[in-house]
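*Asks:* File protein.cif follows (mmCIF, C-alpha atoms):
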```cif
data_run
loop_
_atom_site.group_PDB
_atom_site.id
_atom_site.type_symbol
_atom_site.label_atom_id
_atom_site.label_comp_id
_atom_site.auth_asym_id
_atom_site.auth_seq_id
_atom_site.Cartn_x
_atom_site.Cartn_y
_atom_site.Cartn_z
ATOM 1 C CA MET A 1295 -45.599 -0.326 9.120
ATOM 2 C CA ASP A 1296 -44.237 -3.794 9.601
ATOM 3 C CA PRO A 1297 -42.521 -4.321 12.986
ATOM 4 C CA ARG A 1298 -39.588 -5.913 11.139
ATOM 5 C CA PHE A 1299 -39.097 -2.587 9.375
ATOM 6 C CA THR A 1300 -39.040 -0.506 12.552
ATOM 7 C CA ASP A 1301 -36.721 -3.030 14.230
ATOM 8 C CA LEU A 1302 -34.409 -2.873 11.204
ATOM 9 C CA LEU A 1303 -34.518 0.922 11.039
ATOM 10 C CA ALA A 1304 -33.926 1.735 14.726
ATOM 11 C CA PRO A 1305 -30.149 1.022 14.846
ATOM 12 C CA PHE A 1306 -29.595 3.488 11.976
ATOM 13 C CA LEU A 1307 -31.244 6.350 13.905
ATOM 14 C CA LYS A 1308 -28.625 7.391 16.454
ATOM 15 C CA PHE A 1309 -30.694 10.290 17.838
ATOM 16 C CA LEU A 1310 -33.912 8.282 18.254
ATOM 17 C CA GLY A 1311 -33.360 7.409 21.894
ATOM 18 C CA ASP A 1312 -36.468 5.933 23.499
ATOM 19 C CA GLN A 1313 -38.821 7.444 20.924
ATOM 20 C CA GLU A 1314 -41.143 5.206 18.962
ATOM 21 C CA ILE A 1315 -40.694 5.105 15.202
ATOM 22 C CA THR A 1316 -43.822 6.378 13.484
ATOM 23 C CA ALA A 1317 -44.612 7.154 9.860
ATOM 24 C CA GLU A 1318 -43.728 10.796 10.579
ATOM 25 C CA THR A 1319 -40.293 10.061 12.071
ATOM 26 C CA PRO A 1320 -37.805 12.232 10.122
ATOM 27 C CA LEU A 1321 -34.943 9.927 9.209
ATOM 28 C CA ARG A 1322 -32.254 12.569 8.582
ATOM 29 C CA GLU A 1323 -33.077 14.453 11.792
ATOM 30 C CA GLN A 1324 -32.814 11.199 13.707
ATOM 31 C CA GLY A 1325 -29.286 10.600 12.407
ATOM 32 C CA LEU A 1326 -29.551 8.649 9.140
ATOM 33 C CA ASP A 1327 -26.717 9.770 6.854
ATOM 34 C CA SER A 1328 -26.059 8.868 3.227
ATOM 35 C CA MET A 1329 -23.634 6.031 4.003
ATOM 36 C CA GLN A 1330 -26.064 4.489 6.466
ATOM 37 C CA ALA A 1331 -28.860 4.872 3.929
ATOM 38 C CA ILE A 1332 -26.938 2.571 1.586
ATOM 39 C CA GLU A 1333 -26.431 0.000 4.344
ATOM 40 C CA LEU A 1334 -30.104 0.308 5.251
ATOM 41 C CA LEU A 1335 -31.083 -0.209 1.624
ATOM 42 C CA PHE A 1336 -29.191 -3.514 1.461
ATOM 43 C CA ALA A 1337 -30.692 -4.637 4.769
ATOM 44 C CA ILE A 1338 -34.204 -3.786 3.546
ATOM 45 C CA GLU A 1339 -33.716 -5.667 0.290
ATOM 46 C CA ASP A 1340 -32.444 -8.742 2.171
ATOM 47 C CA THR A 1341 -35.113 -8.654 4.877
ATOM 48 C CA PHE A 1342 -38.099 -8.040 2.614
ATOM 49 C CA ALA A 1343 -36.813 -9.863 -0.497
ATOM 50 C CA VAL A 1344 -37.395 -6.816 -2.695
ATOM 51 C CA VAL A 1345 -35.327 -4.646 -4.965
ATOM 52 C CA LEU A 1346 -36.126 -0.989 -4.590
ATOM 53 C CA PRO A 1347 -36.179 0.831 -7.934
ATOM 54 C CA ASP A 1348 -33.337 3.232 -8.681
ATOM 55 C CA GLU A 1349 -35.792 6.072 -9.270
ATOM 56 C CA ALA A 1350 -36.988 5.678 -5.679
ATOM 57 C CA MET A 1351 -33.529 6.306 -4.259
ATOM 58 C CA ASN A 1352 -33.944 9.992 -3.504
ATOM 59 C CA ASP A 1353 -34.319 12.416 -0.615
ATOM 60 C CA ALA A 1354 -38.114 12.178 -0.671
ATOM 61 C CA THR A 1355 -38.012 8.406 -0.141
ATOM 62 C CA PHE A 1356 -35.657 8.754 2.824
ATOM 63 C CA ALA A 1357 -37.455 11.776 4.322
ATOM 64 C CA THR A 1358 -39.551 9.859 6.856
ATOM 65 C CA ALA A 1359 -40.044 6.300 8.014
ATOM 66 C CA GLY A 1360 -43.450 6.370 6.324
ATOM 67 C CA SER A 1361 -42.137 7.501 2.951
ATOM 68 C CA LEU A 1362 -39.509 4.756 3.001
ATOM 69 C CA TRP A 1363 -42.086 2.169 4.072
ATOM 70 C CA ASP A 1364 -44.376 3.228 1.201
ATOM 71 C CA VAL A 1365 -41.621 2.420 -1.320
ATOM 72 C CA ILE A 1366 -40.927 -0.934 0.351
ATOM 73 C CA SER A 1367 -44.638 -1.783 0.344
ATOM 74 C CA ALA A 1368 -44.994 -0.881 -3.329
ATOM 75 C CA ALA A 1369 -41.986 -3.042 -4.224
ATOM 76 C CA SER A 1370 -43.411 -5.926 -2.180
ATOM 77 C CA GLU A 1371 -46.797 -5.677 -3.874
ATOM 78 C CA ALA A 1372 -45.165 -5.604 -7.322
ATOM 79 C CA GLY A 1373 -44.017 -9.155 -6.676
ATOM 80 C CA PRO A 1374 -40.766 -10.971 -7.372
ATOM 81 C CA ALA A 1375 -40.913 -10.597 -11.163
ATOM 82 C CA ALA A 1376 -40.956 -6.806 -10.863
ATOM 83 C CA SER A 1377 -38.104 -6.904 -8.383
ATOM 84 C CA VAL A 1378 -35.537 -8.488 -10.660
ATOM 85 C CA ARG A 1379 -32.536 -6.270 -11.299
#
```
In structure tokens, how does this file's structure come out?

*Replies:*
Amino acid sequence: MDPRFTDLLAPFLKFLGDQEITAETPLREQGLDSMQAIELLFAIEDTFAVVLPDEAMNDATFATAGSLWDVISAASEAGPAASVR
């Protein structure tokens, strides 16, 4: 995972404490709620210059840091043309 991603994600995880964010970090258990998920989504799209597909906006995507990173990576690899809304 990109360090920019973990730095961006950490403030949204109020129960994280001093723990390191890994691919297995459960986002909901660490305090990410649905309103924060929307804020996080906008921050991700701005930071990584991607648009995450609507079909990826589900509980499975936001289950762990790794599952969210996989969607970001796929959107990044698709390139700017695939990211147009």

*Asks:* I'd like the contact shell of A:Glu1323 - 9 Å cut-off, all atoms listed in the file, skipping same-chain residues fewer than 4 positions apart - returned as a PyMOL selection string.

*Replies:* chain A and resi 1307+1309-1310+1319

*Asks:* Quick one: residues within 12 Å of A:Ser1328, all atoms listed in the file counted, chain neighbours fewer than 4 positions away excluded, as a ChimeraX atom specification?

*Replies:* /A:1306,1321-1322,1332-1335,1351-1353,1356-1357

*Asks:* Please, could you write that set of residues out with C-alpha atoms as a PDB file, in the frame of the given file?

*Replies:*
```pdb
ATOM      1  CA  PHE A1306     -29.595   3.488  11.976  1.00  0.00           C
ATOM      2  CA  LEU A1321     -34.943   9.927   9.209  1.00  0.00           C
ATOM      3  CA  ARG A1322     -32.254  12.569   8.582  1.00  0.00           C
ATOM      4  CA  ILE A1332     -26.938   2.571   1.586  1.00  0.00           C
ATOM      5  CA  GLU A1333     -26.431   0.000   4.344  1.00  0.00           C
ATOM      6  CA  LEU A1334     -30.104   0.308   5.251  1.00  0.00           C
ATOM      7  CA  LEU A1335     -31.083  -0.209   1.624  1.00  0.00           C
ATOM      8  CA  MET A1351     -33.529   6.306  -4.259  1.00  0.00           C
ATOM      9  CA  ASN A1352     -33.944   9.992  -3.504  1.00  0.00           C
ATOM     10  CA  ASP A1353     -34.319  12.416  -0.615  1.00  0.00           C
ATOM     11  CA  PHE A1356     -35.657   8.754   2.824  1.00  0.00           C
ATOM     12  CA  ALA A1357     -37.455  11.776   4.322  1.00  0.00           C
TER      13      ALA A1357
END
```

*Asks:* My list of candidates is A:Ile1338, A:Ala1343, A:Ile1366, A:Met1329. Which is closest to A:Leu1303 when distances are computed with all atoms listed in the file?

*Replies:*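 With all atoms listed in the file as the atom set, the closest residue is A:Ile1338.
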
*Asks:* Would you kindly return, as a ChimeraX atom specification, each protein, DNA or RNA residue with an atom no farther than 10 Å from any atom of A:Phe1336, considering all atoms listed in the file and excluding same-chain residues fewer than 6 positions away?

*Replies:* /A:1330,1344-1346

*Asks:* What gap, in Å, lies between atom CA of A:Pro1347 and atom CA of A:Asp1301?

*Replies:*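 That distance, rounded to one decimal, is 22.5 Å.
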
*Asks:* Counting all atoms listed in the file, which of A:Ala1369, A:Asp1348, A:Ile1315, A:Ala1331 gets nearest to A:Arg1298?

*Replies:*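 Nearest to A:Arg1298: A:Ile1315.
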
*Asks:* Since the input lacks atoms, please generate N, CA and C atoms for stretch 1324-1341 of chain A and provide them as a compact mmCIF listing (two decimals), in the frame of the given file.

*Replies:*
```txt
# COMPACT_ATOMS: atom_id res chain seq x y z
N GLN A 1324 -33.10 12.22 12.70
CA GLN A 1324 -32.81 11.20 13.71
C GLN A 1324 -31.44 10.54 13.51
N GLY A 1325 -30.67 11.03 12.52
CA GLY A 1325 -29.29 10.60 12.41
C GLY A 1325 -28.93 9.74 11.21
N LEU A 1326 -29.87 9.46 10.32
CA LEU A 1326 -29.55 8.65 9.14
C LEU A 1326 -28.75 9.49 8.15
N ASP A 1327 -27.52 9.05 7.85
CA ASP A 1327 -26.72 9.77 6.85
C ASP A 1327 -26.68 8.97 5.56
N SER A 1328 -26.02 9.50 4.55
CA SER A 1328 -26.06 8.87 3.23
C SER A 1328 -25.37 7.50 3.21
N MET A 1329 -24.30 7.34 3.96
CA MET A 1329 -23.63 6.03 4.00
C MET A 1329 -24.52 4.99 4.70
N GLN A 1330 -25.16 5.40 5.77
CA GLN A 1330 -26.06 4.49 6.47
C GLN A 1330 -27.27 4.17 5.61
N ALA A 1331 -27.71 5.11 4.80
CA ALA A 1331 -28.86 4.87 3.93
C ALA A 1331 -28.56 3.73 2.96
N ILE A 1332 -27.33 3.66 2.49
CA ILE A 1332 -26.94 2.57 1.59
C ILE A 1332 -26.96 1.24 2.33
N GLU A 1333 -26.41 1.22 3.53
CA GLU A 1333 -26.43 0.00 4.34
C GLU A 1333 -27.87 -0.41 4.64
N LEU A 1334 -28.70 0.57 4.97
CA LEU A 1334 -30.10 0.31 5.25
C LEU A 1334 -30.80 -0.26 4.02
N LEU A 1335 -30.50 0.28 2.87
CA LEU A 1335 -31.08 -0.21 1.62
C LEU A 1335 -30.80 -1.69 1.43
N PHE A 1336 -29.55 -2.10 1.61
CA PHE A 1336 -29.19 -3.51 1.46
C PHE A 1336 -29.92 -4.38 2.49
N ALA A 1337 -30.01 -3.89 3.72
CA ALA A 1337 -30.69 -4.64 4.77
C ALA A 1337 -32.18 -4.79 4.45
N ILE A 1338 -32.79 -3.73 3.93
CA ILE A 1338 -34.20 -3.79 3.55
C ILE A 1338 -34.41 -4.81 2.44
N GLU A 1339 -33.56 -4.74 1.41
CA GLU A 1339 -33.72 -5.67 0.29
C GLU A 1339 -33.56 -7.11 0.74
N ASP A 1340 -32.63 -7.37 1.65
CA ASP A 1340 -32.44 -8.74 2.17
C ASP A 1340 -33.62 -9.17 3.04
N THR A 1341 -34.05 -8.31 3.93
CA THR A 1341 -35.11 -8.65 4.88
C THR A 1341 -36.46 -8.87 4.20
```
